[in-house]
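Source file data32.txt; content: compact mmCIF, C-alpha atoms.
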```txt
# COMPACT_ATOMS: atom_id res chain seq x y z
CA MET A 124 123.39 -253.23 163.13
CA PRO A 125 127.14 -253.53 163.87
CA ARG A 126 128.50 -252.14 167.16
CA SER A 127 130.90 -249.92 165.27
CA LEU A 128 131.50 -248.91 161.72
CA GLU A 129 133.56 -246.35 159.82
CA LEU A 130 133.51 -245.49 156.12
CA ARG A 131 137.27 -244.87 155.98
CA ASP A 132 137.36 -244.34 152.21
CA THR A 133 135.12 -241.28 152.42
CA PRO A 134 137.05 -238.41 150.80
CA PHE A 135 138.01 -235.31 152.75
CA PHE A 136 138.05 -231.68 151.64
CA PRO A 137 139.38 -229.28 154.28
CA GLN A 138 137.05 -226.29 154.22
CA GLU A 139 138.01 -222.74 153.40
CA ASP A 140 136.55 -219.90 155.49
CA PHE A 141 132.77 -220.22 155.78
CA GLN A 142 132.79 -222.97 153.14
CA CYS A 143 131.69 -226.00 155.14
CA GLY A 144 128.61 -226.32 152.89
CA PRO A 145 130.54 -226.86 149.65
CA ALA A 146 133.12 -229.05 151.44
CA ALA A 147 130.51 -231.30 153.07
CA LEU A 148 128.44 -231.53 149.89
CA ALA A 149 131.51 -232.41 147.82
CA THR A 150 132.28 -235.14 150.36
CA VAL A 151 128.93 -236.94 149.98
CA LEU A 152 128.76 -236.34 146.21
CA ARG A 153 132.26 -237.72 145.70
CA ALA A 154 131.41 -240.71 147.92
CA SER A 155 128.40 -241.36 145.65
CA GLY A 156 130.59 -241.36 142.55
CA VAL A 157 130.38 -237.75 141.31
CA ALA A 158 133.78 -236.22 140.57
CA VAL A 159 133.33 -232.74 141.98
CA HIS A 160 135.41 -230.31 144.05
CA PRO A 161 134.18 -227.80 146.65
CA ASP A 162 135.53 -224.94 144.50
CA ALA A 163 133.02 -225.85 141.80
CA LEU A 164 130.19 -226.10 144.34
CA ALA A 165 130.77 -222.81 146.14
CA PRO A 166 129.23 -220.66 143.37
CA GLN A 167 126.20 -222.98 143.45
CA VAL A 168 125.48 -222.80 147.19
CA PHE A 169 127.39 -220.06 149.00
CA ILE A 170 125.64 -216.80 149.96
CA PRO A 171 128.33 -214.19 150.64
CA LYS A 172 126.40 -211.90 152.96
CA ARG A 173 125.06 -214.82 154.97
CA ARG A 174 128.59 -216.23 155.20
CA GLY A 175 127.23 -219.69 154.65
CA SER A 176 125.01 -221.99 152.65
CA LEU A 177 121.34 -222.85 153.05
CA GLN A 178 119.97 -226.38 153.34
CA ALA A 179 117.65 -225.89 150.35
CA GLU A 180 120.58 -224.97 148.16
CA LEU A 181 122.66 -227.99 149.14
CA VAL A 182 119.64 -230.03 148.10
CA GLY A 183 119.40 -228.14 144.80
CA ALA A 184 123.12 -228.43 144.05
CA ALA A 185 123.05 -232.21 144.65
CA ARG A 186 120.31 -232.44 142.01
CA ARG A 187 122.37 -230.41 139.55
CA HIS A 188 125.02 -233.11 139.86
CA GLY A 189 122.62 -235.93 139.10
CA ARG A 190 122.02 -237.06 142.68
CA LEU A 191 118.77 -237.23 144.61
CA ALA A 192 118.91 -235.34 147.88
CA TYR A 193 117.06 -237.64 150.26
CA VAL A 194 116.22 -235.58 153.34
CA MET A 195 116.13 -237.99 156.25
CA PRO A 196 113.63 -238.32 159.06
CA GLY A 197 114.94 -236.77 162.28
CA THR A 198 115.83 -239.90 164.21
CA GLY A 199 119.18 -241.55 164.84
CA ASP A 200 118.47 -245.01 163.43
CA PRO A 201 118.10 -244.06 159.75
CA LEU A 202 121.43 -242.18 160.01
CA LEU A 203 123.20 -245.32 161.14
CA ALA A 204 121.32 -247.39 158.57
CA GLU A 205 122.73 -245.14 155.84
CA LEU A 206 126.26 -245.78 157.11
CA VAL A 207 125.57 -249.52 157.12
CA GLU A 208 124.56 -249.22 153.45
CA GLY A 209 127.85 -247.45 152.79
CA ARG A 210 126.61 -243.89 152.39
CA PRO A 211 128.02 -241.04 154.53
CA VAL A 212 125.41 -238.56 155.79
CA LEU A 213 125.57 -234.77 155.40
CA LEU A 214 124.06 -233.02 158.39
CA LEU A 215 123.56 -229.64 159.95
CA GLN A 216 124.88 -228.94 163.44
CA ASN A 217 124.40 -226.02 165.75
CA LEU A 218 127.73 -225.73 167.56
CA GLY A 219 126.57 -222.73 169.53
CA VAL A 220 123.53 -222.38 171.72
CA GLU A 221 119.93 -221.70 170.82
CA GLN A 222 120.26 -217.93 171.32
CA ILE A 223 123.62 -217.65 169.52
CA PRO A 224 123.57 -220.39 166.88
CA ILE A 225 126.71 -221.41 165.02
CA TRP A 226 125.49 -223.34 162.00
CA HIS A 227 127.87 -225.90 160.63
CA TYR A 228 127.69 -228.70 158.07
CA ALA A 229 129.60 -231.90 158.68
CA VAL A 230 129.57 -235.43 157.32
CA LEU A 231 128.91 -238.43 159.55
CA VAL A 232 131.15 -241.29 158.41
CA GLY A 233 131.08 -243.64 161.38
CA TYR A 234 130.20 -244.48 164.95
CA ASP A 235 131.42 -246.69 167.75
CA ALA A 236 128.79 -247.77 170.26
CA ASP A 237 131.37 -249.23 172.67
CA ARG A 238 133.40 -246.06 172.81
CA ASN A 239 130.26 -243.92 172.50
CA VAL A 240 131.52 -241.70 169.67
CA ALA A 241 130.42 -240.31 166.34
CA VAL A 242 133.09 -239.99 163.62
CA LEU A 243 132.89 -236.96 161.34
CA ARG A 244 134.59 -235.22 158.44
CA SER A 245 134.25 -231.69 159.72
CA GLY A 246 135.76 -228.32 158.86
CA ARG A 247 139.53 -228.67 158.72
CA ARG A 248 139.50 -231.95 160.61
CA GLU A 249 139.72 -235.06 158.49
CA ARG A 250 138.66 -237.31 161.35
CA GLN A 251 136.79 -235.80 164.25
CA GLU A 252 135.55 -237.98 167.09
CA MET A 253 132.68 -236.49 169.04
CA ARG A 254 131.02 -237.98 172.08
CA TRP A 255 127.74 -239.36 170.72
CA GLN A 256 125.49 -237.37 173.09
CA ARG A 257 127.28 -234.13 172.31
CA PHE A 258 127.00 -234.82 168.60
CA ALA A 259 123.30 -235.72 168.94
CA ARG A 260 122.60 -232.51 170.85
CA SER A 261 124.32 -230.37 168.22
CA TRP A 262 122.18 -232.09 165.58
CA ASP A 263 119.07 -231.71 167.69
CA ARG A 264 119.66 -227.96 168.09
CA ALA A 265 119.84 -227.71 164.28
CA GLY A 266 116.41 -229.25 163.77
CA ARG A 267 117.76 -232.75 163.12
CA TRP A 268 118.35 -232.05 159.44
CA ALA A 269 120.32 -234.61 157.44
CA MET A 270 120.51 -235.76 153.84
CA THR A 271 122.19 -238.35 151.69
CA ALA A 272 123.07 -238.14 148.01
CA LEU A 273 121.49 -241.05 146.17
CA PRO A 274 122.34 -242.21 142.65
CA PRO A 275 119.13 -242.49 140.58
CA GLY A 276 117.36 -245.79 141.27
CA VAL A 277 118.98 -246.43 144.67
CA ILE A 278 116.46 -246.44 147.52
CA PRO A 279 117.59 -246.68 151.16
CA LEU A 280 116.35 -249.88 152.80
CA GLN A 281 114.51 -247.89 155.47
CA ALA A 282 113.25 -245.16 153.12
CA GLU A 283 109.81 -243.65 153.63
CA ALA A 284 107.88 -243.63 150.36
CA THR A 285 106.74 -239.99 150.47
CA ARG A 286 110.18 -238.68 151.47
CA TYR A 287 111.77 -240.64 148.66
CA LEU A 288 109.18 -239.42 146.13
CA GLU A 289 109.77 -235.84 147.25
CA ALA A 290 113.45 -236.37 146.48
CA VAL A 291 112.58 -237.69 143.02
CA ALA A 292 110.06 -234.91 142.36
CA GLY A 293 112.86 -232.49 143.24
CA ILE A 294 115.29 -233.81 140.64
CA GLU A 295 112.39 -233.90 138.17
CA ALA A 296 111.65 -230.23 138.87
CA ALA A 297 115.36 -229.49 138.41
CA GLY A 298 115.01 -230.81 134.87
CA ASP A 299 116.87 -234.13 135.11
CA ARG A 300 114.16 -236.29 133.53
CA ARG A 301 116.47 -239.28 132.99
CA ALA A 302 117.33 -239.51 136.69
CA ALA A 303 113.67 -238.97 137.60
CA ALA A 304 112.43 -241.73 135.28
CA VAL A 305 114.91 -244.28 136.62
CA SER A 306 114.02 -243.33 140.20
CA TYR A 307 110.25 -243.47 139.64
CA ASP A 308 110.68 -246.92 138.11
CA ALA A 309 112.60 -248.00 141.21
CA ALA A 310 109.90 -246.48 143.44
CA ILE A 311 107.18 -248.34 141.53
CA ALA A 312 109.09 -251.61 141.92
CA ARG A 313 109.39 -250.96 145.68
CA TRP A 314 105.92 -249.48 146.32
CA PRO A 315 103.71 -250.67 143.43
CA GLU A 316 100.57 -249.42 145.18
CA ASN A 317 101.77 -245.84 145.61
CA PRO A 318 99.72 -243.52 143.34
CA LEU A 319 102.25 -240.66 143.53
CA ALA A 320 105.02 -242.87 142.16
CA TRP A 321 102.79 -243.60 139.13
CA LEU A 322 101.83 -239.93 138.82
CA GLY A 323 105.50 -238.95 138.74
CA ARG A 324 106.26 -241.62 136.15
CA GLY A 325 103.38 -240.28 134.07
CA ASN A 326 104.64 -236.71 134.34
CA VAL A 327 108.10 -237.69 133.10
CA ALA A 328 106.58 -239.68 130.22
CA TYR A 329 104.38 -236.71 129.34
CA ALA A 330 107.36 -234.35 129.37
CA ASP A 331 109.13 -236.82 127.07
CA GLY A 332 106.15 -236.67 124.69
CA ASP A 333 105.16 -240.30 125.25
CA LEU A 334 101.37 -239.84 125.53
CA ALA A 335 100.49 -243.54 125.70
CA ALA A 336 102.92 -244.27 128.55
CA ALA A 337 101.79 -241.13 130.39
CA ALA A 338 98.10 -242.04 130.04
CA ASP A 339 98.71 -245.59 131.28
CA ALA A 340 100.68 -244.37 134.30
CA TYR A 341 98.04 -241.74 135.20
CA ALA A 342 95.28 -244.32 134.78
CA ARG A 343 97.09 -246.62 137.17
CA ALA A 344 97.50 -243.76 139.64
CA ALA A 345 93.81 -242.84 139.37
CA THR A 346 92.79 -246.44 139.96
CA LEU A 347 94.92 -246.50 143.13
CA ALA A 348 93.71 -243.07 144.30
CA PRO A 349 90.31 -242.35 142.71
CA GLY A 350 89.85 -239.22 144.85
CA HIS A 351 93.04 -237.38 143.83
CA ALA A 352 92.17 -234.31 141.76
CA ALA A 353 95.65 -233.63 140.34
CA ILE A 354 95.89 -237.15 138.92
CA ARG A 355 92.49 -236.79 137.18
CA ASN A 356 93.57 -233.41 135.86
CA ASN A 357 96.73 -234.79 134.29
CA LEU A 358 94.89 -237.78 132.86
CA ALA A 359 92.36 -235.40 131.30
CA GLN A 360 95.15 -233.35 129.71
CA VAL A 361 96.93 -236.33 128.17
CA LEU A 362 93.65 -237.81 126.90
CA ALA A 363 92.81 -234.50 125.26
CA ASP A 364 96.27 -234.38 123.68
CA ALA A 365 95.65 -237.86 122.31
CA GLY A 366 92.36 -236.70 120.79
CA CYS A 367 90.18 -238.66 123.21
CA ILE A 368 87.89 -235.72 123.95
CA GLU A 369 84.94 -237.52 125.53
CA GLU A 370 87.20 -239.45 127.89
CA ALA A 371 89.07 -236.25 128.74
CA ASP A 372 85.83 -234.43 129.55
CA LEU A 373 84.77 -237.15 131.94
CA GLN A 374 88.11 -237.03 133.83
CA LEU A 375 87.97 -233.24 133.95
CA GLU A 376 84.48 -233.37 135.42
CA ARG A 377 85.73 -235.75 138.11
CA ALA A 378 88.76 -233.54 138.80
CA LEU A 379 86.61 -230.42 139.22
CA ALA A 380 84.24 -232.18 141.60
CA LEU A 381 87.16 -233.49 143.70
CA ALA A 382 88.94 -230.14 143.81
CA ALA A 383 85.88 -228.10 144.80
CA GLY A 384 86.86 -225.52 147.39
CA THR A 385 90.66 -225.90 147.02
CA ALA A 386 93.28 -223.89 145.14
CA MET A 387 93.54 -226.79 142.70
CA THR A 388 90.27 -225.61 141.15
CA ALA A 389 92.07 -222.77 139.39
CA THR A 390 94.61 -225.19 137.92
CA ILE A 391 91.89 -227.51 136.65
CA ASP A 392 89.92 -224.62 135.19
CA ALA A 393 93.06 -223.62 133.31
CA THR A 394 93.33 -227.17 131.97
CA ARG A 395 89.70 -227.01 130.78
CA VAL A 396 90.34 -223.74 128.98
CA SER A 397 93.49 -225.06 127.32
CA ILE A 398 91.75 -228.27 126.26
CA GLU A 399 88.82 -226.36 124.79
CA ALA A 400 91.17 -224.00 122.99
CA ASP A 401 93.24 -226.82 121.47
CA GLY A 402 90.62 -229.50 120.89
CA PRO A 403 88.95 -228.83 117.53
CA SER A 404 85.89 -231.01 117.94
CA SER A 405 84.54 -234.02 119.75
CA ALA A 406 84.83 -235.87 116.46
CA ALA A 407 88.63 -235.94 116.85
CA HIS A 408 90.28 -239.30 116.36
CA CYS A 409 91.26 -240.93 119.67
CA ALA A 410 94.81 -242.25 119.46
CA LEU A 411 94.32 -244.43 122.54
CA PRO A 412 91.26 -246.57 121.70
CA ASP A 413 90.17 -249.78 123.39
CA ARG A 414 91.56 -248.83 126.76
CA TYR A 415 89.81 -248.69 130.04
CA TRP A 416 90.02 -245.42 131.98
CA PRO A 417 89.04 -245.33 135.66
CA ASP A 418 85.60 -243.91 136.23
CA MET B 39 125.71 -191.83 147.58
CA ARG B 40 125.90 -191.90 143.80
CA VAL B 41 127.53 -195.30 143.97
CA GLU B 42 124.71 -196.56 146.14
CA ARG B 43 122.10 -195.20 143.72
CA PHE B 44 123.94 -196.79 140.81
CA ARG B 45 124.12 -200.08 142.64
CA ARG B 46 120.41 -199.97 143.38
CA SER B 47 119.39 -199.28 139.82
CA CYS B 48 121.66 -202.09 138.67
CA VAL B 49 120.01 -204.52 141.04
CA ALA B 50 116.55 -203.31 140.00
CA LEU B 51 117.34 -203.59 136.31
CA LEU B 52 118.86 -206.98 136.79
CA SER B 53 115.98 -208.40 138.75
CA VAL B 54 113.51 -207.19 136.13
CA SER B 55 115.47 -208.86 133.35
CA LEU B 56 115.90 -212.05 135.37
CA VAL B 57 112.19 -212.19 136.14
CA SER B 58 111.29 -211.90 132.48
CA LEU B 59 113.88 -214.50 131.53
CA ALA B 60 112.82 -217.03 134.05
CA LEU B 61 109.77 -219.00 135.09
CA GLN B 62 110.94 -221.84 132.89
CA THR B 63 109.75 -224.38 135.44
CA PRO B 64 106.04 -225.00 134.62
CA ALA B 65 105.97 -228.53 133.25
CA ALA B 66 103.38 -228.02 130.55
CA ALA B 67 100.04 -226.33 130.36
CA GLY B 68 97.46 -228.47 132.06
CA ILE B 69 99.85 -230.73 133.96
CA VAL B 70 100.21 -230.59 137.74
CA GLY B 71 103.87 -231.19 138.63
CA THR B 72 104.74 -234.13 140.87
CA ALA B 73 106.19 -231.95 143.63
CA ASP B 74 103.01 -229.84 143.75
CA ALA B 75 100.84 -232.95 143.76
CA ILE B 76 102.77 -234.39 146.71
CA ALA B 77 102.50 -231.06 148.52
CA ALA B 78 98.75 -231.02 147.83
CA VAL B 79 98.39 -234.46 149.40
CA GLN B 80 100.18 -233.15 152.47
CA GLN B 81 97.86 -230.14 152.36
CA GLN B 82 100.65 -227.61 152.11
CA GLY B 83 100.08 -227.28 148.43
CA ASP B 84 97.48 -224.55 148.10
CA LEU B 85 99.96 -221.89 149.07
CA ALA B 86 102.76 -223.22 146.92
CA VAL B 87 100.78 -223.38 143.71
CA VAL B 88 99.61 -219.82 144.08
CA ARG B 89 102.92 -218.37 145.23
CA ASP B 90 105.21 -220.18 142.79
CA ALA B 91 105.60 -217.38 140.30
CA LEU B 92 105.96 -214.61 142.86
CA ALA B 93 108.38 -216.58 145.00
CA GLY B 94 110.85 -217.11 142.17
CA ALA B 95 111.14 -213.41 141.47
CA ASP B 96 111.36 -212.59 145.15
CA VAL B 97 114.17 -215.05 145.91
CA ARG B 98 116.09 -213.90 142.85
CA GLU B 99 116.09 -210.33 144.06
CA GLN B 100 117.07 -211.24 147.62
CA MET B 101 119.91 -213.48 146.47
CA VAL B 102 121.49 -210.79 144.36
CA ALA B 103 121.15 -208.36 147.28
CA LEU B 104 122.92 -210.93 149.51
CA GLY B 105 125.90 -210.96 147.16
CA VAL B 106 125.23 -214.00 144.96
CA ASP B 107 126.68 -213.64 141.47
CA PRO B 108 123.67 -212.79 139.24
CA ALA B 109 125.01 -215.13 136.56
CA GLU B 110 124.63 -218.04 139.02
CA VAL B 111 121.17 -217.23 140.35
CA GLU B 112 119.17 -218.79 137.50
CA GLY B 113 120.90 -222.15 137.76
CA ARG B 114 120.57 -222.21 141.54
CA LEU B 115 116.86 -221.45 141.59
CA GLY B 116 116.18 -223.75 138.66
CA ALA B 117 117.19 -226.69 140.86
CA LEU B 118 114.39 -226.03 143.37
CA THR B 119 110.70 -226.93 143.42
CA GLY B 120 107.98 -224.29 143.66
CA MET B 121 107.35 -225.25 147.24
CA GLU B 122 111.04 -224.88 148.12
CA LEU B 123 111.16 -221.48 146.43
CA ALA B 124 108.09 -220.32 148.33
CA THR B 125 109.67 -221.42 151.63
CA LEU B 126 112.97 -219.78 150.73
CA ALA B 127 111.28 -216.51 149.77
CA GLY B 128 110.09 -216.11 153.34
CA SER B 129 113.21 -217.31 155.11
CA ILE B 130 116.34 -216.54 153.11
CA LYS B 131 117.55 -213.96 155.63
CA GLU B 132 117.02 -216.09 158.75
CA ALA B 133 117.26 -219.72 157.63
CA PRO B 134 120.31 -221.51 159.07
CA ALA B 135 123.33 -220.76 156.89
CA GLY B 136 126.00 -223.32 157.67
CA GLY B 137 129.40 -221.59 157.57
CA ASP B 138 132.65 -221.72 159.43
CA SER B 139 132.90 -223.14 162.90
CA ALA B 140 136.37 -222.33 164.18
CA LEU B 141 136.33 -218.61 163.41
CA ALA B 142 132.86 -218.08 164.83
CA ILE B 143 133.71 -219.90 168.03
CA ILE B 144 136.88 -217.86 168.54
CA GLY B 145 134.82 -214.73 167.89
CA ILE B 146 132.23 -215.67 170.49
CA VAL B 147 134.82 -216.64 173.09
CA PHE B 148 136.47 -213.26 172.54
CA LEU B 149 133.11 -211.51 172.89
CA VAL B 150 132.34 -213.27 176.16
CA LEU B 151 135.79 -212.41 177.55
CA LEU B 152 135.32 -208.81 176.49
CA VAL B 153 131.95 -208.56 178.24
CA LEU B 154 133.41 -210.09 181.40
CA GLU B 155 136.32 -207.67 181.19
CA LEU B 156 134.07 -204.63 180.75
CA THR B 157 131.81 -205.66 183.61
CA GLY B 158 134.88 -206.05 185.79
CA THR B 159 134.46 -209.78 186.40
CA ILE B 160 137.87 -210.57 184.95
CA ASP B 161 140.96 -208.53 184.22
CA ILE B 162 142.95 -210.06 181.37
CA PHE B 163 143.19 -207.15 178.93
CA LYS B 164 144.97 -204.92 181.44
CA LYS B 165 147.62 -202.60 180.04
CA ALA B 166 151.14 -203.21 181.28
```

Can you turn what I pasted into structure tokens?
Amino acid sequence: MPRSLELRDTPFFPQEDFQCGPAALATVLRASGVAVHPDALAPQVFIPKRRGSLQAELVGAARRHGRLAYVMPGTGDPLLAELVEGRPVLLLQNLGVEQIPIWHYAVLVGYDADRNVAVLRSGRRERQEMRWQRFARSWDRAGRWAMTALPPGVIPLQAEATRYLEAVAGIEAAGDRRAAAVSYDAAIARWPENPLAWLGRGNVAYADGDLAAAADAYARAATLAPGHAAIRNNLAQVLADAGCIEEADLQLERALALAAGTAMTATIDATRVSIEADGPSSAAHCALPDRYWPD
Amino acid sequence: MRVERFRRSCVALLSVSLVSLALQTPAAAGIVGTADAIAAVQQQGDLAVVRDALAGADVREQMVALGVDPAEVEGRLGALTGMELATLAGSIKEAPAGGDSALAIIGIVFLVLLVLELTGTIDIFKKA
């Protein structure tokens, strides 16, 4: 890691009153290639009577602009690693004290280990230098929350698989299936043994109406994690949709056994009911023959 | 008084119509969403799955009450997972809301000076 580094090209939007959320979010979105202005973001994140913006909504707004909000682990190294990869980091600071917090969003764009400073785009200051310890304490008092805006398919070198998949599942839930598909593919290339990456890929394929691709992805996930009830449930549903009733019943049975005693039981019961309501008979033609499904 | 009652019935009416409009999220019958599946693995999921539907309606109502333009609420909540909605439902009034720094700091400095003045520690607001 270099001794010092500064992403000088990072754009700057001086914030209006209480609008550090939109300004900071616009900064990282613009740096990731999205042409957006804080004025357009304010109606998507600002809460008038709280005079500020919530973390969850910055995450949501990033998704609405086609970017994954990767929420970082709360240690310093990954922050610096993001800078090294050329991505500024949006973070929450508490500029007050624990009892009287002053919540503020800023964007980390650089650091200098020799001069012991963090470099920020913050509020109305285009380039704020903060002593590193003071900066770290303000971040610490805010629960060490930080995120980067990732274009679909880009995975930080130091990324944790589950954190990254949460970010993808988020943009999937927000309805951006294209971005989700590209990102699940990237996750599968990086962590081919991760069952949740395959599950996500299957869910996007299913939503796209591609039953064969969904079934294959779920089957792969179930092979990697034979004890995961949700994966069996989804495999059962897609098999039933494809007319493979016997195979679906077997997966459903497995799912129910695995989910015994958890809230997932209700979900799987609902799947059983919907399969029984839709499936006309066990004589239905199976559109996915000659495939092996995990036992 | 009448204005307040009018405002309240507007909010009530609006939240009812928003609730009936919404809940567009569920992927498809019989499919467990990826976010819920990840949450289940981390054993936070049980709550989220159950509270999904309720949480959406709850957050909607609170957002409008906190001054968010009702026309924007749908799009904002549609960008969140069930788990995030459930968390938000319980924390929207206290969760950190990043806002201005400069104004707040000036305000607090003023407050501290005022307290010191009133307790007689300092004497800077003395009349001429």

Arg114 of chain B environment, 7 Å, all atoms listed in the file, sequence neighbours closer than 3 positions dropped, as a list in words: Gln167 and Gly183 of chain A; Glu110, Val111 and Ala117 of chain B

Sorted by chain and rising residue number, list the residues of segment 264-346 of chain A at most 12 Å from segment 139-159 of chain A (counting all atoms listed in the file), each with its closest atom pair and distance in Å to one decimal, as a Markdown table.
```
| residue | atom | partner | partner_atom | distance |
| --- | --- | --- | --- | --- |
| A:Ala269 | CA | A:Leu148 | CA | 11.5 |
| A:Met270 | CA | A:Val151 | CA | 9.3 |
| A:Thr271 | CA | A:Val151 | CA | 7.1 |
| A:Ala272 | CA | A:Leu152 | CA | 6.2 |
| A:Leu273 | CA | A:Ser155 | CA | 6.9 |
| A:Pro274 | CA | A:Ser155 | CA | 6.8 |
| A:Pro275 | CA | A:Ser155 | CA | 10.6 |
| A:Val277 | CA | A:Ser155 | CA | 10.7 |
```

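Considering only C-alpha atoms, the residue among A:Pro201, A:Asp263, A:Arg190, A:Asn239 positioned nearest to Gly276 of chain A is A:Arg190.
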
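Atom CA of Gly94 of chain B sits 11.2 Å away from atom CA of Gly128 of chain B.
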
Point (136.1, -252.3, 172.0) neighbourhood (10 Å, all atoms listed in the file) written as a PyMOL selection string: chain A and resi 126-127+235-238

Residue hits in chain A, query chain B, radius 7 Å, only C-alpha atoms, as an mmCIF file with C-alpha atoms, in the coordinates of the input:
```
data_model
loop_
_atom_site.group_PDB
_atom_site.id
_atom_site.type_symbol
_atom_site.label_atom_id
_atom_site.label_comp_id
_atom_site.auth_asym_id
_atom_site.auth_seq_id
_atom_site.Cartn_x
_atom_site.Cartn_y
_atom_site.Cartn_z
ATOM 1 C CA ASP A 140 136.550 -219.900 155.490
ATOM 2 C CA PHE A 141 132.770 -220.220 155.780
ATOM 3 C CA GLN A 142 132.790 -222.970 153.140
ATOM 4 C CA CYS A 143 131.690 -226.000 155.140
ATOM 5 C CA GLY A 144 128.610 -226.320 152.890
ATOM 6 C CA PRO A 166 129.230 -220.660 143.370
ATOM 7 C CA GLN A 167 126.200 -222.980 143.450
ATOM 8 C CA ILE A 170 125.640 -216.800 149.960
ATOM 9 C CA PRO A 171 128.330 -214.190 150.640
ATOM 10 C CA LYS A 172 126.400 -211.900 152.960
ATOM 11 C CA ARG A 173 125.060 -214.820 154.970
ATOM 12 C CA ARG A 174 128.590 -216.230 155.200
ATOM 13 C CA GLY A 175 127.230 -219.690 154.650
ATOM 14 C CA SER A 176 125.010 -221.990 152.650
ATOM 15 C CA LEU A 177 121.340 -222.850 153.050
ATOM 16 C CA GLY A 183 119.400 -228.140 144.800
ATOM 17 C CA ALA A 184 123.120 -228.430 144.050
ATOM 18 C CA ARG A 186 120.310 -232.440 142.010
ATOM 19 C CA ARG A 187 122.370 -230.410 139.550
ATOM 20 C CA ILE A 225 126.710 -221.410 165.020
ATOM 21 C CA TRP A 226 125.490 -223.340 162.000
ATOM 22 C CA HIS A 227 127.870 -225.900 160.630
ATOM 23 C CA TYR A 228 127.690 -228.700 158.070
ATOM 24 C CA GLU A 289 109.770 -235.840 147.250
ATOM 25 C CA ALA A 292 110.060 -234.910 142.360
ATOM 26 C CA GLY A 293 112.860 -232.490 143.240
ATOM 27 C CA ALA A 296 111.650 -230.230 138.870
ATOM 28 C CA ALA A 297 115.360 -229.490 138.410
ATOM 29 C CA LEU A 322 101.830 -239.930 138.820
ATOM 30 C CA GLY A 323 105.500 -238.950 138.740
ATOM 31 C CA ALA A 353 95.650 -233.630 140.340
ATOM 32 C CA ASN A 357 96.730 -234.790 134.290
ATOM 33 C CA GLN A 360 95.150 -233.350 129.710
ATOM 34 C CA ALA A 386 93.280 -223.890 145.140
ATOM 35 C CA ALA A 393 93.060 -223.620 133.310
ATOM 36 C CA THR A 394 93.330 -227.170 131.970
#
```

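Atom CA of Pro137 of chain A to atom CA of Ala204 of chain A spans 25.9 Å [interatomic distance, one decimal].
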